[in-house]
Protein chains: 2
Amino acid sequence: VSAALIVGGGLAGSVLAIVLARRGQTVEVFERLPDARKVYGGKHAPLNITLCPRGLRVLAAIGASDRVSALSVPVYGRQIHNADGSVSYQAYGSKGEALYSIARIDLNGALLDLAEREAGVRLRFEQKCVQVDLERSTAAFQDARTDALGEVRAERIFGADGAYSTVRQHLQRTHQFNYSQSYLTKGYTTLKISPPGAGSPALKPDVLHVWPRGNCLWTAFPNRDKSFTCPLLLPYHGDDSYESLSTEGEVASLFSRLFPEALALIPDLARQFFARPPDSLLTIRCDPWSYGDKTLLLGDSAHAILPSYGQGANAAFEDCAALDQCLDECGAEWGAAFKEFEQRRRPSMDAMADLCVEHFRELSELIGDAAFRDRRAMERRIHELYPDLYEPLYSMVTFGSKSYAEAVRIERRQRAALDRLVSWNIDVERPEARAMLENFAREAR
Amino acid sequence: VSAALIVGGGLAGSVLAIVLARRGQTVEVFERLPDARKVYGGKHAPLNITLCPRGLRVLAAIGASDRVSALSVPVYGRQIHNADGSVSYQAYGSKGEALYSIARIDLNGALLDLAEREAGVRLRFEQKCVQVDLERSTAAFQDARTDALGEVRAERIFGADGAYSTVRQHLQRTHQFNYSQSYLTKGYTTLKISPPGAGSPALKPDVLHVWPRGNCLWTAFPNRDKSFTCPLLLPYHGDDSYESLSTEGEVASLFSRLFPEALALIPDLARQFFARPPDSLLTIRCDPWSYGDKTLLLGDSAHAILPSYGQGANAAFEDCAALDQCLDECGAEWGAAFKEFEQRRRPSMDAMADLCVEHFRELSELIGDAAFRDRRAMERRIHELYPDLYEPLYSMVTFGSKSYAEAVRIERRQRAALDRLVSWNIDVERPEARAMLENFAREAR
């Protein structure tokens, strides 16, 4: 009997395995998919992660910085490709801050390597969790190669099995379990731009490219090998939707109308488009995240959010670090640590779930909008002038270390101050502007 | 192969069976519990339903009025038993309107009788739905007496299986299904007051009795035989909660402190309290309610609401009538009728779910509050003076025929008008009050 059974060997599961092993636990990790290090692609959805300081701090603490740094590329801002063919650029931070773009499968592979090196960690792949008995603290797995069923017992079960978590499904049947799953009415398909050959067209490599077109959104994340991973977001129904695209010709025609650059960058675009069914995007909330001292959900299984802020993986890593800290503080009283973990993390993840839904709309609909851009530009200017009094929300979330919940509280106050500046028509460069920002900051305390 | 398989022979299921049979469908109803007409009590939770005109209209249309009328008793208002021992009375309507209180099991039995009389309806009991195949339109049932499993195929499956619906659980696994379940942190236990003997204390028989005590709420619904069905609502945790009550002495002590009248009315109170585990209260929302033209959820399985307005059963009956109407309008194009049904009913049930959560707080916390009562009294006075311009929300929901969604829209406007009257300190008896109400009504159009 292992001390810890981790269902899911993805980003949350592999970091959790390292954290628990270093606390002296024996850990078994059961992952549904084949080993990410051996089967490149295949069942693994192509996806890029943008690591920000929140996640990087946790990765540094477990000694993953060198590996991750060798696999990722810095991204300094958003290159916005407007519908009229013009291009505008928004730096992520005012001081050259960068996000780090990395293929999910590469990051996962690096973390699995590190987990495997820990004494007491054992990894199993192609093991689909089909049943969890919360009372007995056992889980049943089906081997994808042999179909054989096996039962595993552990002192504790951790559900790190993502948005479609099986562990959570079993928690959902317990007394007074609150739960919601809410889908975006859009799905996405990930296309791939190969590294450019000599003389072929190329995108700028150290930025995130965004083509906002109302209901449709195309993005391109740079990779270390100069290729780009490019999620295309489309509505499921209506005009320019998955429903409306059934032939390669229809796909090519949509791209030539909305994203003409893509045609030169991706020769086999329509083939790629139909290679995989679209993936869905959803928000998951549930409560509680634990079952006594026996089971805990963390990462996407507890709180899947939309990818609008690129925070899903970063939040999962913060979860692992927060649990580690709660265990320190609770003297390894597992039940108490699980409760404390939830109390500490829930307000932030609730706030983030809402923010992501809101920001999603901005990304696809407003980012190309002049009034919206003016407001963002004003925010950046105020931040430059009064960095101690005003920090854009995106920057607090992405480059700050305050909890998401705290960032949202500050943003609420900042938004009120900005509204006041605009409605009173106060020049942001004048001392009255500073006085007003100070007033709002004072009232908030 | 029947035309329609109805999972659940409760209130929604039995009325739906009648409606579909009268459309010429062969109908099979599979119910998990024993026949309500043969086993009184037992596994059936004791519960009273308050029928209002919404539900009564549907029952009249299927010819159930006489039976229901013989089994129910009119209730004209709320008798509020305050903590200081005083009693106040609030009539439900200004024109002597009544709700009809009826034991759920009696109402269910009457409806099953009517369903059974329809040609083409077959009822099966103690059949637990364990599996639904949406594509093949089959469901598997386990017989509670023999444990035997059987599969039933039908052209269409209707999920009338309540808040914990098995049919919905299978829908939940389909593409893009939005779902939420949200529990109240309180549960309830139903106590029973027997018909009074000669000289024993008795409650007023034609009112709903309410003992609001902050977190705890006790209510008593009259029955035809002069007994009362009395749900007691308690928090699960904290002071005066289920958690804090483990002995009969503790229960007696809580009652003597909060509900002293109960001790004389229910001699075996503590025994009754522990006879059944508490039941939970929850709100369920999901989207969509149907799967092609094959499966439809209705009643609590589609939209369970808190019992604060006593609308759950009434709404389920309205569902059946609305579906009937949609089938008329769509020429028995089932898929189209299911979509139309959802479009017509969802806004109302969403609005109602929110209202119930809000009103629940009022019932348990505010109803004993003086400011709250003053506001309610002012509302009633305005309604008396200007019945064409102002109707209290409770009255629109309970005695009106407008959809819940429309009632909520009107209430929003009325609330703004009332706030204005209060803040401008306008005497409601003066012509300025009418002018203001007229203004708000005009703007709303």
# chains A, B, ... in the order shown; residues from 1 in each chain; ligands from 1
$ closest_atom_pairs --of "chain B" --to "chain A" --cutoff "6 Å" --atoms "only C-alpha atoms" --output "Markdown table"
| residue | atom | partner | partner_atom | distance |
| --- | --- | --- | --- | --- |
| B:Gln176 | CA | A:Tyr183 | CA | 5.7 |
| B:Asn178 | CA | A:Ser182 | CA | 4.8 |
| B:Tyr179 | CA | A:Gln181 | CA | 5.3 |
| B:Ser180 | CA | A:Ser180 | CA | 3.9 |
| B:Gln181 | CA | A:Tyr179 | CA | 5.3 |
| B:Ser182 | CA | A:Asn178 | CA | 4.8 |
| B:Tyr183 | CA | A:Gln176 | CA | 5.8 |
$ select_by_dssp --residues "region 60-229 of chain A" --states "strand (DSSP E)" --output "PyMOL selection string"
chain A and resi 73-75+77-81+87-91+99-103+121-124+127-133+138-143+149-159+178-193+208-213+216-222+228-229
$ residues_around --residues "region 147-163 of chain A" --least-positions-apart "2" --cutoff "6 Å" --atoms "only C-alpha atoms" --output "list of chain:residue names"
A:Val1, A:Ser2, A:Ala3, A:Ala4, A:Leu5, A:Ile6, A:Val7, A:Gly8, A:Ala12, A:Gly13, A:Thr138, A:Ala139, A:Ala140, A:Phe141, A:Gln142, A:Asp143, A:Ala144, A:Arg145, A:Ser165, A:Val167, A:Lys294, A:Thr295, A:Leu296, A:Leu297, A:Leu298, A:Asp300, A:Ser301, A:Ala304
$ write_last_selection --atoms "N, CA and C atoms" --output "CSV table (one decimal), in the first residue's frame"
chain,number,residue,atom,x,y,z
A,1,VAL,N,0.8,-1.2,0.0
A,1,VAL,CA,0.0,0.0,0.0
A,1,VAL,C,0.9,1.2,0.0
A,2,SER,N,0.7,2.0,-1.1
A,2,SER,CA,1.5,3.3,-1.1
A,2,SER,C,0.8,4.3,-0.2
A,3,ALA,N,1.6,5.3,0.1
A,3,ALA,CA,1.1,6.4,0.9
A,3,ALA,C,0.1,7.3,0.0
A,4,ALA,N,0.6,7.5,-1.2
A,4,ALA,CA,-0.2,8.4,-2.1
A,4,ALA,C,-0.4,7.8,-3.5
A,5,LEU,N,-1.6,7.8,-3.9
A,5,LEU,CA,-2.0,7.4,-5.3
A,5,LEU,C,-2.4,8.7,-6.0
A,6,ILE,N,-1.7,9.0,-7.1
A,6,ILE,CA,-2.0,10.2,-7.8
A,6,ILE,C,-2.7,9.7,-9.1
A,7,VAL,N,-3.9,10.1,-9.3
A,7,VAL,CA,-4.6,9.8,-10.6
A,7,VAL,C,-4.3,10.9,-11.6
A,8,GLY,N,-3.6,10.6,-12.6
A,8,GLY,CA,-3.2,11.7,-13.6
A,8,GLY,C,-1.7,12.0,-13.5
A,12,ALA,N,0.0,18.8,-13.2
A,12,ALA,CA,-0.3,18.8,-11.8
A,12,ALA,C,0.2,17.5,-11.1
A,13,GLY,N,-0.1,16.4,-11.7
A,13,GLY,CA,0.3,15.1,-11.1
A,13,GLY,C,1.7,14.9,-11.0
A,138,THR,N,-9.6,3.2,-2.5
A,138,THR,CA,-9.0,2.4,-3.6
A,138,THR,C,-9.5,3.0,-4.9
A,139,ALA,N,-8.8,2.7,-5.9
A,139,ALA,CA,-9.2,3.1,-7.3
A,139,ALA,C,-8.9,1.9,-8.2
A,140,ALA,N,-9.8,1.8,-9.2
A,140,ALA,CA,-9.6,0.7,-10.2
A,140,ALA,C,-9.2,1.3,-11.5
A,141,PHE,N,-8.2,0.6,-12.2
A,141,PHE,CA,-7.7,1.1,-13.4
A,141,PHE,C,-7.8,0.0,-14.5
A,142,GLN,N,-8.0,0.5,-15.7
A,142,GLN,CA,-8.1,-0.5,-16.8
A,142,GLN,C,-6.8,-0.2,-17.7
A,143,ASP,N,-6.1,-1.2,-18.0
A,143,ASP,CA,-4.9,-1.1,-18.8
A,143,ASP,C,-5.3,-1.0,-20.3
A,144,ALA,N,-4.9,0.1,-21.0
A,144,ALA,CA,-5.4,0.4,-22.3
A,144,ALA,C,-4.9,-0.7,-23.3
A,145,ARG,N,-3.8,-1.3,-23.0
A,145,ARG,CA,-3.2,-2.3,-23.9
A,145,ARG,C,-3.8,-3.7,-23.8
A,165,SER,N,-12.2,14.9,-14.8
A,165,SER,CA,-11.7,14.1,-13.7
A,165,SER,C,-12.7,12.9,-13.4
A,167,VAL,N,-12.0,11.0,-10.6
A,167,VAL,CA,-12.0,11.1,-9.2
A,167,VAL,C,-13.1,12.1,-8.7
A,294,LYS,N,-8.8,11.6,3.0
A,294,LYS,CA,-8.5,10.5,2.1
A,294,LYS,C,-8.3,10.9,0.6
A,295,THR,N,-9.0,11.9,0.2
A,295,THR,CA,-9.0,12.3,-1.2
A,295,THR,C,-8.9,13.8,-1.4
A,296,LEU,N,-8.1,14.2,-2.3
A,296,LEU,CA,-8.0,15.7,-2.6
A,296,LEU,C,-8.0,15.8,-4.1
A,297,LEU,N,-8.7,16.8,-4.6
A,297,LEU,CA,-8.6,17.2,-6.0
A,297,LEU,C,-7.7,18.4,-6.1
A,298,LEU,N,-6.9,18.5,-7.1
A,298,LEU,CA,-6.2,19.7,-7.4
A,298,LEU,C,-5.9,19.9,-8.9
A,300,ASP,N,-6.7,21.3,-12.6
A,300,ASP,CA,-8.0,21.4,-13.4
A,300,ASP,C,-9.1,20.5,-12.9
A,301,SER,N,-8.9,19.4,-12.2
A,301,SER,CA,-10.0,18.6,-11.7
A,301,SER,C,-10.8,19.4,-10.7
A,304,ALA,N,-11.1,23.9,-13.3
A,304,ALA,CA,-10.7,24.2,-14.7
A,304,ALA,C,-11.2,25.6,-15.1
$ closest_residue --among "B:Arg361, B:Ser101, B:Gly109, B:Gly93" --to "Cys216 (chain B)" --atoms "only C-alpha atoms"
B:Arg361
$ residues_around --residues "region 345-360 of chain B" --least-positions-apart "3" --cutoff "8 Å" --atoms "only C-alpha atoms" --output "JSON, numbers by chain"
{"B": [283, 285, 303, 304, 305, 306, 307, 308, 309, 319, 322, 341, 342, 363, 364, 403, 404, 405, 406, 408]}
$ atom_distance --atom1 "CA of Leu393 (chain B)" --atom2 "CA of Glu411 (chain B)"
5.9 Å
$ closest_residue --among "B:Phe399, B:Phe125, B:Phe273, B:Phe221" --to "Leu254 (chain B)" --atoms "only C-alpha atoms"
B:Phe273
$ residues_around --residues "Asp324 (chain A)" --least-positions-apart "2" --cutoff "9 Å" --atoms "only C-alpha atoms" --output "compact mmCIF listing (two decimals) with C-alpha atoms, in the first residue's frame"
# COMPACT_ATOMS: atom_id res chain seq x y z
CA LEU A 16 2.63 16.77 -6.97
CA VAL A 19 6.45 17.40 -3.79
CA LEU A 20 5.00 14.39 -1.96
CA ARG A 23 7.98 14.75 2.05
CA ASP A 319 -1.71 24.35 -5.93
CA CYS A 320 1.14 21.88 -5.41
CA ALA A 321 3.26 24.47 -3.60
CA ALA A 322 0.30 25.62 -1.49
CA CYS A 326 -0.31 23.62 4.28
CA LEU A 327 1.21 20.23 5.16
CA ASP A 328 4.16 22.03 6.76
CA GLU A 329 1.81 24.19 8.80
CA ALA A 337 -4.13 20.43 5.53
$ select_by_dssp --residues "region 154-373 of chain A" --states "helix (DSSP H, G or I)" --output "number ranges by chain"
A: 166-171, 248-258, 260-265, 269-275, 300-303, 307-309, 312-329, 334-366, 370-373
$ write_last_selection --atoms "C-alpha atoms" --output "mmCIF file, in the first residue's frame"
data_model
loop_
_atom_site.group_PDB
_atom_site.id
_atom_site.type_symbol
_atom_site.label_atom_id
_atom_site.label_comp_id
_atom_site.auth_asym_id
_atom_site.auth_seq_id
_atom_site.Cartn_x
_atom_site.Cartn_y
_atom_site.Cartn_z
ATOM 1 C CA THR A 166 -12.929 10.587 -12.801
ATOM 2 C CA VAL A 167 -12.015 11.117 -9.156
ATOM 3 C CA ARG A 168 -14.253 14.194 -9.078
ATOM 4 C CA GLN A 169 -17.109 12.228 -10.672
ATOM 5 C CA HIS A 170 -17.074 9.974 -7.644
ATOM 6 C CA LEU A 171 -16.897 12.895 -5.228
ATOM 7 C CA GLU A 248 -11.404 21.456 -47.225
ATOM 8 C CA GLY A 249 -12.591 24.105 -49.657
ATOM 9 C CA GLU A 250 -14.810 25.693 -47.026
ATOM 10 C CA VAL A 251 -11.914 25.776 -44.571
ATOM 11 C CA ALA A 252 -9.576 27.357 -47.110
ATOM 12 C CA SER A 253 -12.200 29.924 -47.967
ATOM 13 C CA LEU A 254 -12.741 30.874 -44.302
ATOM 14 C CA PHE A 255 -9.006 31.316 -43.828
ATOM 15 C CA SER A 256 -8.520 33.345 -46.983
ATOM 16 C CA ARG A 257 -11.272 35.655 -45.778
ATOM 17 C CA LEU A 258 -10.333 35.957 -42.069
ATOM 18 C CA PRO A 260 -5.124 35.123 -45.186
ATOM 19 C CA GLU A 261 -1.564 34.991 -43.737
ATOM 20 C CA ALA A 262 -2.234 31.419 -42.639
ATOM 21 C CA LEU A 263 -2.515 30.125 -46.204
ATOM 22 C CA ALA A 264 1.158 30.819 -46.922
ATOM 23 C CA LEU A 265 2.332 29.696 -43.472
ATOM 24 C CA LEU A 269 -4.042 23.783 -43.485
ATOM 25 C CA ALA A 270 -7.331 22.097 -44.379
ATOM 26 C CA ARG A 271 -5.871 18.632 -43.813
ATOM 27 C CA GLN A 272 -4.648 19.698 -40.364
ATOM 28 C CA PHE A 273 -8.028 21.207 -39.606
ATOM 29 C CA PHE A 274 -9.820 17.898 -40.059
ATOM 30 C CA ALA A 275 -7.118 15.720 -38.439
ATOM 31 C CA ASP A 300 -7.988 21.379 -13.402
ATOM 32 C CA SER A 301 -9.979 18.609 -11.729
ATOM 33 C CA ALA A 302 -10.818 21.034 -8.909
ATOM 34 C CA HIS A 303 -11.020 24.254 -10.908
ATOM 35 C CA PRO A 307 -7.243 29.619 -21.132
ATOM 36 C CA SER A 308 -7.715 33.373 -21.568
ATOM 37 C CA TYR A 309 -5.013 34.322 -19.042
ATOM 38 C CA GLY A 312 -4.339 26.943 -15.848
ATOM 39 C CA ALA A 313 -0.934 25.249 -15.554
ATOM 40 C CA ASN A 314 0.518 28.029 -13.427
ATOM 41 C CA ALA A 315 -2.387 27.684 -10.992
ATOM 42 C CA ALA A 316 -1.941 23.898 -10.873
ATOM 43 C CA PHE A 317 1.732 24.391 -9.935
ATOM 44 C CA GLU A 318 0.739 26.959 -7.278
ATOM 45 C CA ASP A 319 -1.714 24.347 -5.934
ATOM 46 C CA CYS A 320 1.139 21.883 -5.406
ATOM 47 C CA ALA A 321 3.261 24.473 -3.602
ATOM 48 C CA ALA A 322 0.296 25.617 -1.487
ATOM 49 C CA LEU A 323 -0.491 22.037 -0.447
ATOM 50 C CA ASP A 324 3.158 21.521 0.499
ATOM 51 C CA GLN A 325 3.006 24.627 2.679
ATOM 52 C CA CYS A 326 -0.308 23.622 4.278
ATOM 53 C CA LEU A 327 1.205 20.233 5.159
ATOM 54 C CA ASP A 328 4.156 22.030 6.762
ATOM 55 C CA GLU A 329 1.815 24.188 8.798
ATOM 56 C CA TRP A 334 -3.776 15.493 6.203
ATOM 57 C CA GLY A 335 -7.454 16.288 6.756
ATOM 58 C CA ALA A 336 -6.654 19.660 8.284
ATOM 59 C CA ALA A 337 -4.130 20.431 5.534
ATOM 60 C CA PHE A 338 -6.711 19.606 2.838
ATOM 61 C CA LYS A 339 -9.229 21.976 4.450
ATOM 62 C CA GLU A 340 -6.635 24.718 4.847
ATOM 63 C CA PHE A 341 -5.497 24.225 1.236
ATOM 64 C CA GLU A 342 -9.041 24.674 -0.007
ATOM 65 C CA GLN A 343 -9.645 27.720 2.166
ATOM 66 C CA ARG A 344 -6.500 29.323 0.850
ATOM 67 C CA ARG A 345 -6.918 28.451 -2.823
ATOM 68 C CA ARG A 346 -10.671 28.550 -3.441
ATOM 69 C CA PRO A 347 -11.225 32.337 -3.336
ATOM 70 C CA SER A 348 -8.450 32.782 -5.867
ATOM 71 C CA MET A 349 -9.656 30.101 -8.213
ATOM 72 C CA ASP A 350 -13.256 31.344 -8.008
ATOM 73 C CA ALA A 351 -12.068 34.856 -8.845
ATOM 74 C CA MET A 352 -9.887 33.544 -11.663
ATOM 75 C CA ALA A 353 -12.702 31.501 -13.193
ATOM 76 C CA ASP A 354 -14.816 34.657 -13.489
ATOM 77 C CA LEU A 355 -11.913 36.741 -14.780
ATOM 78 C CA CYS A 356 -11.147 34.204 -17.484
ATOM 79 C CA VAL A 357 -14.711 34.241 -18.771
ATOM 80 C CA GLU A 358 -14.638 38.037 -18.879
ATOM 81 C CA HIS A 359 -11.156 38.295 -20.399
ATOM 82 C CA PHE A 360 -12.085 35.711 -22.979
ATOM 83 C CA ARG A 361 -14.599 38.110 -24.414
ATOM 84 C CA GLU A 362 -12.005 40.865 -24.458
ATOM 85 C CA LEU A 363 -9.504 38.680 -26.283
ATOM 86 C CA SER A 364 -11.823 37.639 -29.044
ATOM 87 C CA GLU A 365 -14.087 40.639 -29.413
ATOM 88 C CA LEU A 366 -12.611 43.751 -27.889
ATOM 89 C CA ALA A 370 -10.301 51.198 -30.663
ATOM 90 C CA ALA A 371 -12.060 52.362 -27.460
ATOM 91 C CA PHE A 372 -10.874 49.246 -25.671
ATOM 92 C CA ARG A 373 -7.298 49.807 -26.835
#
$ residues_around --residues "region 195-199 of chain B" --least-positions-apart "4" --cutoff "8 Å" --atoms "only C-alpha atoms" --output "number ranges by chain"
B: 225-228
$ closest_residue --among "B:Ser423, B:Thr174, B:Tyr390, B:Asp240" --to "Pro288 (chain B)" --atoms "only C-alpha atoms"
B:Thr174
$ residues_around --residues "region 45-52 of chain A" --least-positions-apart "5" --cutoff "6 Å" --atoms "only C-alpha atoms" --output "list in words"
Leu99, Tyr100, Ser101, Ile102, Ala103, Arg104, Gly310 and Thr398 of chain A
$ atom_distance --atom1 "CA of Pro53 (chain A)" --atom2 "CA of Gln79 (chain A)"
21.2 Å
$ decode --residues "region 396-418 of chain A" --atoms "C-alpha atoms" --output "PDB file, in the first residue's frame"
ATOM      1  CA  MET A 396      -0.839  41.576 -11.437  1.00  0.00           C
ATOM      2  CA  VAL A 397      -2.191  38.206 -12.544  1.00  0.00           C
ATOM      3  CA  THR A 398       0.667  37.342 -14.844  1.00  0.00           C
ATOM      4  CA  PHE A 399       3.765  38.879 -13.302  1.00  0.00           C
ATOM      5  CA  GLY A 400       2.721  39.502  -9.711  1.00  0.00           C
ATOM      6  CA  SER A 401       2.853  37.249  -6.692  1.00  0.00           C
ATOM      7  CA  LYS A 402      -0.330  38.411  -4.952  1.00  0.00           C
ATOM      8  CA  SER A 403      -3.128  35.860  -4.931  1.00  0.00           C
ATOM      9  CA  TYR A 404      -5.626  36.086  -7.774  1.00  0.00           C
ATOM     10  CA  ALA A 405      -8.319  37.011  -5.255  1.00  0.00           C
ATOM     11  CA  GLU A 406      -6.255  39.933  -3.956  1.00  0.00           C
ATOM     12  CA  ALA A 407      -5.466  41.061  -7.517  1.00  0.00           C
ATOM     13  CA  VAL A 408      -9.174  41.161  -8.295  1.00  0.00           C
ATOM     14  CA  ARG A 409      -9.922  43.212  -5.168  1.00  0.00           C
ATOM     15  CA  ILE A 410      -7.251  45.733  -6.141  1.00  0.00           C
ATOM     16  CA  GLU A 411      -8.488  45.846  -9.721  1.00  0.00           C
ATOM     17  CA  ARG A 412     -12.022  46.663  -8.577  1.00  0.00           C
ATOM     18  CA  ARG A 413     -10.724  49.717  -6.764  1.00  0.00           C
ATOM     19  CA  GLN A 414      -8.444  50.708  -9.670  1.00  0.00           C
ATOM     20  CA  ARG A 415     -11.285  50.418 -12.155  1.00  0.00           C
ATOM     21  CA  ALA A 416     -13.412  52.795 -10.071  1.00  0.00           C
ATOM     22  CA  ALA A 417     -10.537  55.268  -9.924  1.00  0.00           C
ATOM     23  CA  LEU A 418      -9.987  55.095 -13.672  1.00  0.00           C
TER      24      LEU A 418
END
